[in-house]
Structure formats: structure tokens, C-alpha cells
file run.pdb (PDB, C-alpha atoms, pLDDT in the B column)
ATOM      1  CA  MET M   1     108.575 100.334 103.378  1.00 84.00           C
ATOM      2  CA  GLN M   2     111.009  98.198 101.434  1.00 91.00           C
ATOM      3  CA  HIS M   3     113.455 100.696  99.976  1.00 95.00           C
ATOM      4  CA  LEU M   4     112.914 103.788 102.110  1.00 97.00           C
ATOM      5  CA  ARG M   5     113.641 104.433 105.747  1.00 97.00           C
ATOM      6  CA  ILE M   6     112.124 107.459 107.461  1.00 97.00           C
ATOM      7  CA  SER M   7     113.163 108.934 110.763  1.00 97.00           C
ATOM      8  CA  SER M   8     111.873 112.113 112.334  1.00 96.00           C
ATOM      9  CA  LYS M   9     112.782 114.765 114.825  1.00 96.00           C
ATOM     10  CA  PRO M  10     110.763 117.664 116.157  1.00 96.00           C
ATOM     11  CA  THR M  11     111.709 121.222 115.250  1.00 95.00           C
ATOM     12  CA  ARG M  12     110.675 124.375 117.040  1.00 93.00           C
ATOM     13  CA  ASP M  13     107.732 124.880 114.661  1.00 94.00           C
ATOM     14  CA  GLY M  14     107.077 121.447 113.205  1.00 96.00           C
ATOM     15  CA  ILE M  15     108.845 118.252 112.256  1.00 97.00           C
ATOM     16  CA  GLU M  16     111.736 117.138 110.090  1.00 97.00           C
ATOM     17  CA  LEU M  17     111.580 113.820 108.259  1.00 97.00           C
ATOM     18  CA  MET M  18     114.852 112.301 107.102  1.00 98.00           C
ATOM     19  CA  LEU M  19     114.370 110.149 104.009  1.00 98.00           C
ATOM     20  CA  ASP M  20     117.058 107.501 103.532  1.00 98.00           C
ATOM     21  CA  GLY M  21     117.281 105.110 100.586  1.00 97.00           C
ATOM     22  CA  GLU M  22     115.064 105.135  97.517  1.00 97.00           C
ATOM     23  CA  LEU M  23     111.494 106.353  97.029  1.00 97.00           C
ATOM     24  CA  LEU M  24     110.144 103.928  94.425  1.00 97.00           C
ATOM     25  CA  PHE M  25     106.852 102.648  93.072  1.00 97.00           C
ATOM     26  CA  ALA M  26     106.935  99.808  95.624  1.00 96.00           C
ATOM     27  CA  ASP M  27     106.819 102.295  98.515  1.00 96.00           C
ATOM     28  CA  ALA M  28     104.902 105.214  96.996  1.00 96.00           C
ATOM     29  CA  GLN M  29     101.399 104.130  98.014  1.00 96.00           C
ATOM     30  CA  GLU M  30     102.362 103.474 101.623  1.00 96.00           C
ATOM     31  CA  PHE M  31     104.253 106.792 101.712  1.00 97.00           C
ATOM     32  CA  MET M  32     101.192 108.666 100.413  1.00 96.00           C
ATOM     33  CA  LEU M  33      98.776 106.989 102.796  1.00 95.00           C
ATOM     34  CA  SER M  34     100.824 106.971 105.989  1.00 96.00           C
ATOM     35  CA  ILE M  35     102.862 110.177 106.015  1.00 97.00           C
ATOM     36  CA  PRO M  36     100.074 112.817 105.980  1.00 96.00           C
ATOM     37  CA  GLU M  37      98.320 111.043 108.860  1.00 94.00           C
ATOM     38  CA  LYS M  38     101.553 110.847 110.866  1.00 94.00           C
ATOM     39  CA  LEU M  39     102.153 114.568 110.315  1.00 96.00           C
ATOM     40  CA  LYS M  40      98.745 115.733 111.546  1.00 94.00           C
ATOM     41  CA  ASN M  41      99.046 118.094 114.511  1.00 93.00           C
ATOM     42  CA  ARG M  42     102.855 117.996 114.372  1.00 95.00           C
ATOM     43  CA  GLY M  43     103.282 121.716 113.715  1.00 95.00           C
ATOM     44  CA  ALA M  44     102.980 124.120 110.829  1.00 96.00           C
ATOM     45  CA  ASN M  45     106.250 123.246 109.088  1.00 96.00           C
ATOM     46  CA  VAL M  46     107.272 119.927 107.626  1.00 97.00           C
ATOM     47  CA  VAL M  47     110.800 119.533 106.298  1.00 97.00           C
ATOM     48  CA  PHE M  48     111.779 116.601 104.108  1.00 97.00           C
ATOM     49  CA  ASN M  49     115.521 116.203 104.564  1.00 97.00           C
ATOM     50  CA  VAL M  50     116.479 114.275 101.435  1.00 97.00           C
ATOM     51  CA  GLU M  51     120.226 114.357 101.945  1.00 96.00           C
ATOM     52  CA  ARG M  52     120.343 110.535 102.113  1.00 97.00           C
ATOM     53  CA  LEU M  53     117.756 109.912  99.389  1.00 97.00           C
ATOM     54  CA  LYS M  54     119.695 108.123  96.671  1.00 96.00           C
ATOM     55  CA  PHE M  55     117.021 107.743  93.994  1.00 96.00           C
ATOM     56  CA  ILE M  56     113.418 108.678  93.311  1.00 97.00           C
ATOM     57  CA  ASP M  57     111.302 107.347  90.437  1.00 96.00           C
ATOM     58  CA  SER M  58     108.203 108.897  88.872  1.00 96.00           C
ATOM     59  CA  SER M  59     105.900 107.253  91.425  1.00 96.00           C
ATOM     60  CA  GLY M  60     108.084 108.633  94.198  1.00 96.00           C
ATOM     61  CA  LEU M  61     107.847 112.108  92.674  1.00 95.00           C
ATOM     62  CA  GLY M  62     104.065 111.754  92.527  1.00 95.00           C
ATOM     63  CA  SER M  63     103.972 110.676  96.155  1.00 96.00           C
ATOM     64  CA  ILE M  64     105.950 113.785  97.170  1.00 95.00           C
ATOM     65  CA  LEU M  65     103.372 115.909  95.316  1.00 94.00           C
ATOM     66  CA  TYR M  66     100.493 114.085  96.971  1.00 95.00           C
ATOM     67  CA  VAL M  67     101.947 114.411 100.473  1.00 96.00           C
ATOM     68  CA  SER M  68     102.753 118.100  99.958  1.00 95.00           C
ATOM     69  CA  GLN M  69      99.167 118.764  98.870  1.00 94.00           C
ATOM     70  CA  ALA M  70      97.741 116.719 101.756  1.00 96.00           C
ATOM     71  CA  CYS M  71      99.899 118.667 104.199  1.00 96.00           C
ATOM     72  CA  GLY M  72      98.689 121.914 102.619  1.00 94.00           C
ATOM     73  CA  LEU M  73      95.123 120.848 103.372  1.00 95.00           C
ATOM     74  CA  GLN M  74      96.257 120.334 106.975  1.00 95.00           C
ATOM     75  CA  ASN M  75      97.625 123.924 107.008  1.00 96.00           C
ATOM     76  CA  GLN M  76     101.215 122.717 106.925  1.00 96.00           C
ATOM     77  CA  THR M  77     104.025 124.000 104.746  1.00 95.00           C
ATOM     78  CA  VAL M  78     106.341 121.415 103.181  1.00 96.00           C
ATOM     79  CA  ARG M  79     109.965 122.239 102.507  1.00 95.00           C
ATOM     80  CA  ILE M  80     112.668 120.137 100.884  1.00 96.00           C
ATOM     81  CA  SER M  81     116.183 120.382 102.281  1.00 96.00           C
ATOM     82  CA  LYS M  82     119.647 119.097 101.441  1.00 95.00           C
ATOM     83  CA  ALA M  83     118.783 117.573  98.078  1.00 94.00           C
ATOM     84  CA  ALA M  84     121.644 116.099  96.080  1.00 94.00           C
ATOM     85  CA  PRO M  85     121.928 117.714  92.633  1.00 94.00           C
ATOM     86  CA  GLN M  86     120.226 114.856  90.748  1.00 94.00           C
ATOM     87  CA  ILE M  87     117.322 114.692  93.242  1.00 94.00           C
ATOM     88  CA  GLU M  88     116.965 118.476  93.269  1.00 92.00           C
ATOM     89  CA  LYS M  89     116.830 118.507  89.466  1.00 92.00           C
ATOM     90  CA  LEU M  90     113.942 116.028  89.456  1.00 92.00           C
ATOM     91  CA  LEU M  91     112.062 117.829  92.219  1.00 93.00           C
ATOM     92  CA  LYS M  92     112.469 121.170  90.465  1.00 90.00           C
ATOM     93  CA  ARG M  93     110.756 119.714  87.394  1.00 88.00           C
ATOM     94  CA  ILE M  94     107.588 119.103  89.410  1.00 87.00           C
ATOM     95  CA  HIS M  95     107.952 122.123  91.700  1.00 79.00           C
ATOM     96  CA  LYS M  96     105.534 124.305  89.729  1.00 77.00           C
ATOM     97  CA  VAL M  97     102.682 121.838  90.200  1.00 76.00           C
ATOM     98  CA  GLY M  98     103.630 121.015  93.793  1.00 70.00           C
ATOM     99  CA  THR M  99     102.915 122.793  97.011  1.00 82.00           C
ATOM    100  CA  PHE M 100     106.400 122.502  98.450  1.00 91.00           C
ATOM    101  CA  GLU M 101     109.331 124.872  98.711  1.00 90.00           C
ATOM    102  CA  PHE M 102     113.073 124.409  98.812  1.00 90.00           C
ATOM    103  CA  VAL M 103     115.075 125.378 101.874  1.00 87.00           C
ATOM    104  CA  GLU M 104     117.769 127.798 100.818  1.00 69.00           C
ATOM    105  CA  LYS M 105     121.264 126.373 101.017  1.00 59.00           C
ATOM    106  CA  GLN M 106     123.342 127.843 103.771  1.00 47.00           C
ATOM    107  CA  GLN M 107     126.418 129.777 102.774  1.00 40.00           C
ATOM    108  CA  PRO M 108     129.756 128.385 104.080  1.00 41.00           C
TER
END

call {"tool": "encode", "arguments": {"input": "run.pdb", "output": "C-alpha cells"}}
result
Amino acid sequence: MQHLRISSKPTRDGIELMLDGELLFADAQEFMLSIPEKLKNRGANVVFNVERLKFIDSSGLGSILYVSQACGLQNQTVRISKAAPQIEKLLKRIHKVGTFEFVEKQQP
């Protein structure tokens, strides 16, 4: 992917993907096609840590929806964590049609 770097780490009940960079039209198709397959049999919970995601365009938003629905078909729950305010605002606009949840922010 040109504008997006993805790293992962296992969690006790699934996997966490750290998205770093930008999720744009140029990367959306590859994201949609590769991520669900890579997440198969990786546990019931998938967390997208978007703390380092700087920008997401409409194609990127659509790819998040697609991946969340594909994971749902694989009996996986998708959660979004550590979203910057501008990213969270965009994701909340599509939340009602998506199959993902937000991880509650931890209190200091």
C-alpha cells in the first residue's frame, strides 16, 4: 500500500491492527481485498488502532465499512480505538451503517 502502513499484534482474544498514514482511494481496494483474508482465524476481536491515521477519504471510509462487514461474516467483531477527533468524526458519520464499534476511551 502506498500511503498506509499496517502492523499487527496479537491480543488475548484476537488481533490489533495499527494503521499509520493515510487510507486513500489508491489503497482502498487492496485494503478491502487483503485485510479480511489476513484476519481469518485470528480470533473473535479485531481492533483497528487508528491513533496514527492522519487522513481518510471517502474510499477509505468505504473500505472500513467493507472490512467490518467481511469480518462480521467471519464471526469477528471490529472495534476502532484511539481515533483522533477528526477521524472519529468521520467514522461516526458512517457508524450507523457499519458493523464496527468504538472502544471506550480510558479515563485518566

call {"tool": "resolve_selection", "arguments": {"input": "run.pdb", "expression": "the PyMOL selection byres ((chain M and resi 82) around 10)", "output": "PyMOL selection string"}}
result
chain M and resi 48-53+80-81+83-85+87-88+102-106

call {"tool": "closest_residue", "arguments": {"input": "run.pdb", "among": "M:Ser68, M:Arg12, M:Phe55, M:Asn75", "to": "Lys40 of chain M", "atoms": "all atoms listed in the file"}}
result
M:Asn75

call {"tool": "residues_around", "arguments": {"input": "run.pdb", "residues": "His3 of chain M", "least_positions_apart": "2", "cutoff": "9 Å", "atoms": "only C-alpha atoms", "output": "ChimeraX atom specification"}}
result
/M:1,5,20-24,26-27

call {"tool": "write_last_selection", "arguments": {"input": "run.pdb", "atoms": "C-alpha atoms", "output": "PDB file, keeping the file's coordinate frame"}}
result
ATOM      1  CA  MET M   1     108.575 100.334 103.378  1.00 84.00           C
ATOM      2  CA  ARG M   5     113.641 104.433 105.747  1.00 97.00           C
ATOM      3  CA  ASP M  20     117.058 107.501 103.532  1.00 98.00           C
ATOM      4  CA  GLY M  21     117.281 105.110 100.586  1.00 97.00           C
ATOM      5  CA  GLU M  22     115.064 105.135  97.517  1.00 97.00           C
ATOM      6  CA  LEU M  23     111.494 106.353  97.029  1.00 97.00           C
ATOM      7  CA  LEU M  24     110.144 103.928  94.425  1.00 97.00           C
ATOM      8  CA  ALA M  26     106.935  99.808  95.624  1.00 96.00           C
ATOM      9  CA  ASP M  27     106.819 102.295  98.515  1.00 96.00           C
TER      10      ASP M  27
END

call {"tool": "atom_distance", "arguments": {"input": "run.pdb", "atom1": "atom CA of Asn41 of chain M", "atom2": "atom CA of Lys9 of chain M"}}
result
14.1 Å

call {"tool": "resolve_selection", "arguments": {"input": "run.pdb", "expression": "the PyMOL selection byres ((chain M and resi 30) around 12)", "output": "PyMOL selection string"}}
result
chain M and resi 1-4+23-29+31-38+59-60+63-64+66-67

call {"tool": "atom_distance", "arguments": {"input": "run.pdb", "atom1": "atom CA of Thr77 of chain M", "atom2": "atom CA of Gly43 of chain M"}}
result
9.3 Å

call {"tool": "atom_distance", "arguments": {"input": "run.pdb", "atom1": "atom CA of Thr99 of chain M", "atom2": "atom CA of Arg42 of chain M"}}
result
18.0 Å

call {"tool": "resolve_selection", "arguments": {"input": "run.pdb", "expression": "the PyMOL selection byres ((chain M and resi 16) around 10)", "output": "list in words"}}
result
Ser7, Ser8, Lys9, Pro10, Thr11, Asp13, Gly14, Ile15, Leu17, Met18, Leu19, Leu39, Arg42, Asn45, Val46, Val47, Phe48, Asn49, Val78, Arg79, Ile80 and Ser81 of chain M

call {"tool": "axis_aligned_box", "arguments": {"input": "run.pdb", "around": "segment 64-80 of chain M", "padding_each_side": "5 Å", "output": "lines of an AutoDock Vina configuration file"}}
result
center_x = 103.9
center_y = 118.9
center_z = 101.2
size_x = 27.5
size_y = 20.2
size_z = 21.7

call {"tool": "closest_residue", "arguments": {"input": "run.pdb", "among": "M:Gln69, M:Gln76, M:Leu61, M:Ala44", "to": "Arg93 of chain M", "atoms": "only C-alpha atoms"}}
result
M:Leu61

call {"tool": "decode", "arguments": {"input": "run.pdb", "residues": "segment 16-50 of chain M", "atoms": "N, CA and C atoms", "output": "CSV table (one decimal), in the first residue's frame"}}
result
chain,number,residue,atom,x,y,z
M,16,GLU,N,-4.8,-6.9,17.0
M,16,GLU,CA,-4.9,-5.4,16.9
M,16,GLU,C,-4.1,-5.0,15.6
M,17,LEU,N,-4.7,-4.2,14.8
M,17,LEU,CA,-4.0,-3.7,13.6
M,17,LEU,C,-3.8,-2.2,13.8
M,18,MET,N,-2.5,-1.7,13.7
M,18,MET,CA,-2.2,-0.3,13.8
M,18,MET,C,-2.1,0.2,12.4
M,19,LEU,N,-3.0,1.2,12.2
M,19,LEU,CA,-3.0,1.9,10.9
M,19,LEU,C,-2.2,3.2,11.0
M,20,ASP,N,-1.2,3.4,10.1
M,20,ASP,CA,-0.3,4.5,10.1
M,20,ASP,C,-0.3,5.2,8.8
M,21,GLY,N,-0.6,6.4,8.7
M,21,GLY,CA,-0.5,7.1,7.4
M,21,GLY,C,-1.9,7.6,7.0
M,22,GLU,N,-2.2,7.4,5.7
M,22,GLU,CA,-3.5,7.8,5.2
M,22,GLU,C,-4.2,6.6,4.5
M,23,LEU,N,-5.5,6.5,4.6
M,23,LEU,CA,-6.3,5.5,4.0
M,23,LEU,C,-7.0,6.2,2.8
M,24,LEU,N,-6.5,6.1,1.6
M,24,LEU,CA,-7.0,6.8,0.5
M,24,LEU,C,-7.5,5.9,-0.6
M,25,PHE,N,-8.1,6.5,-1.6
M,25,PHE,CA,-8.6,5.7,-2.8
M,25,PHE,C,-7.5,4.8,-3.3
M,26,ALA,N,-6.3,5.2,-3.4
M,26,ALA,CA,-5.2,4.4,-4.0
M,26,ALA,C,-5.0,3.1,-3.3
M,27,ASP,N,-5.3,3.1,-2.0
M,27,ASP,CA,-5.1,1.9,-1.2
M,27,ASP,C,-6.3,1.1,-0.8
M,28,ALA,N,-7.5,1.7,-1.0
M,28,ALA,CA,-8.7,1.2,-0.5
M,28,ALA,C,-9.0,-0.2,-1.1
M,29,GLN,N,-8.8,-0.5,-2.3
M,29,GLN,CA,-9.1,-1.8,-2.9
M,29,GLN,C,-8.2,-2.8,-2.3
M,30,GLU,N,-6.9,-2.6,-2.2
M,30,GLU,CA,-6.0,-3.6,-1.6
M,30,GLU,C,-6.4,-3.8,-0.2
M,31,PHE,N,-6.7,-2.7,0.6
M,31,PHE,CA,-7.1,-2.9,2.0
M,31,PHE,C,-8.4,-3.8,2.1
M,32,MET,N,-9.4,-3.6,1.2
M,32,MET,CA,-10.6,-4.4,1.3
M,32,MET,C,-10.3,-5.8,0.9
M,33,LEU,N,-9.5,-6.1,0.0
M,33,LEU,CA,-9.2,-7.4,-0.5
M,33,LEU,C,-8.3,-8.2,0.4
M,34,SER,N,-7.3,-7.5,1.0
M,34,SER,CA,-6.3,-8.3,1.7
M,34,SER,C,-6.6,-8.4,3.2
M,35,ILE,N,-7.1,-7.4,3.8
M,35,ILE,CA,-7.3,-7.4,5.3
M,35,ILE,C,-8.2,-8.5,5.8
M,36,PRO,N,-9.4,-8.7,5.2
M,36,PRO,CA,-10.3,-9.8,5.8
M,36,PRO,C,-9.6,-11.2,5.7
M,37,GLU,N,-8.9,-11.4,4.6
M,37,GLU,CA,-8.3,-12.7,4.4
M,37,GLU,C,-7.2,-12.9,5.5
M,38,LYS,N,-6.4,-11.8,5.8
M,38,LYS,CA,-5.4,-11.9,6.8
M,38,LYS,C,-5.9,-12.0,8.2
M,39,LEU,N,-7.2,-11.6,8.4
M,39,LEU,CA,-7.7,-11.7,9.7
M,39,LEU,C,-8.5,-13.0,10.0
M,40,LYS,N,-8.7,-13.8,9.0
M,40,LYS,CA,-9.4,-15.1,9.2
M,40,LYS,C,-8.6,-15.9,10.3
M,41,ASN,N,-9.4,-16.5,11.1
M,41,ASN,CA,-8.9,-17.4,12.2
M,41,ASN,C,-7.8,-16.7,13.1
M,42,ARG,N,-8.0,-15.4,13.3
M,42,ARG,CA,-7.1,-14.7,14.1
M,42,ARG,C,-7.7,-14.3,15.4
M,43,GLY,N,-8.9,-14.9,15.7
M,43,GLY,CA,-9.6,-14.6,17.0
M,43,GLY,C,-10.9,-13.8,16.7
M,44,ALA,N,-11.7,-13.7,17.8
M,44,ALA,CA,-13.0,-13.1,17.6
M,44,ALA,C,-13.0,-11.6,17.6
M,45,ASN,N,-12.0,-11.0,18.1
M,45,ASN,CA,-12.0,-9.5,18.2
M,45,ASN,C,-10.9,-8.9,17.3
M,46,VAL,N,-11.2,-7.9,16.5
M,46,VAL,CA,-10.3,-7.2,15.7
M,46,VAL,C,-10.4,-5.7,16.1
M,47,VAL,N,-9.2,-5.2,16.5
M,47,VAL,CA,-9.2,-3.8,16.8
M,47,VAL,C,-8.4,-3.0,15.8
M,48,PHE,N,-8.9,-2.0,15.2
M,48,PHE,CA,-8.2,-1.1,14.4
M,48,PHE,C,-7.8,0.1,15.2
M,49,ASN,N,-6.5,0.1,15.5
M,49,ASN,CA,-5.9,1.3,16.3
M,49,ASN,C,-5.6,2.3,15.2
M,50,VAL,N,-6.3,3.4,15.3
M,50,VAL,CA,-6.1,4.4,14.2
M,50,VAL,C,-5.5,5.7,14.8
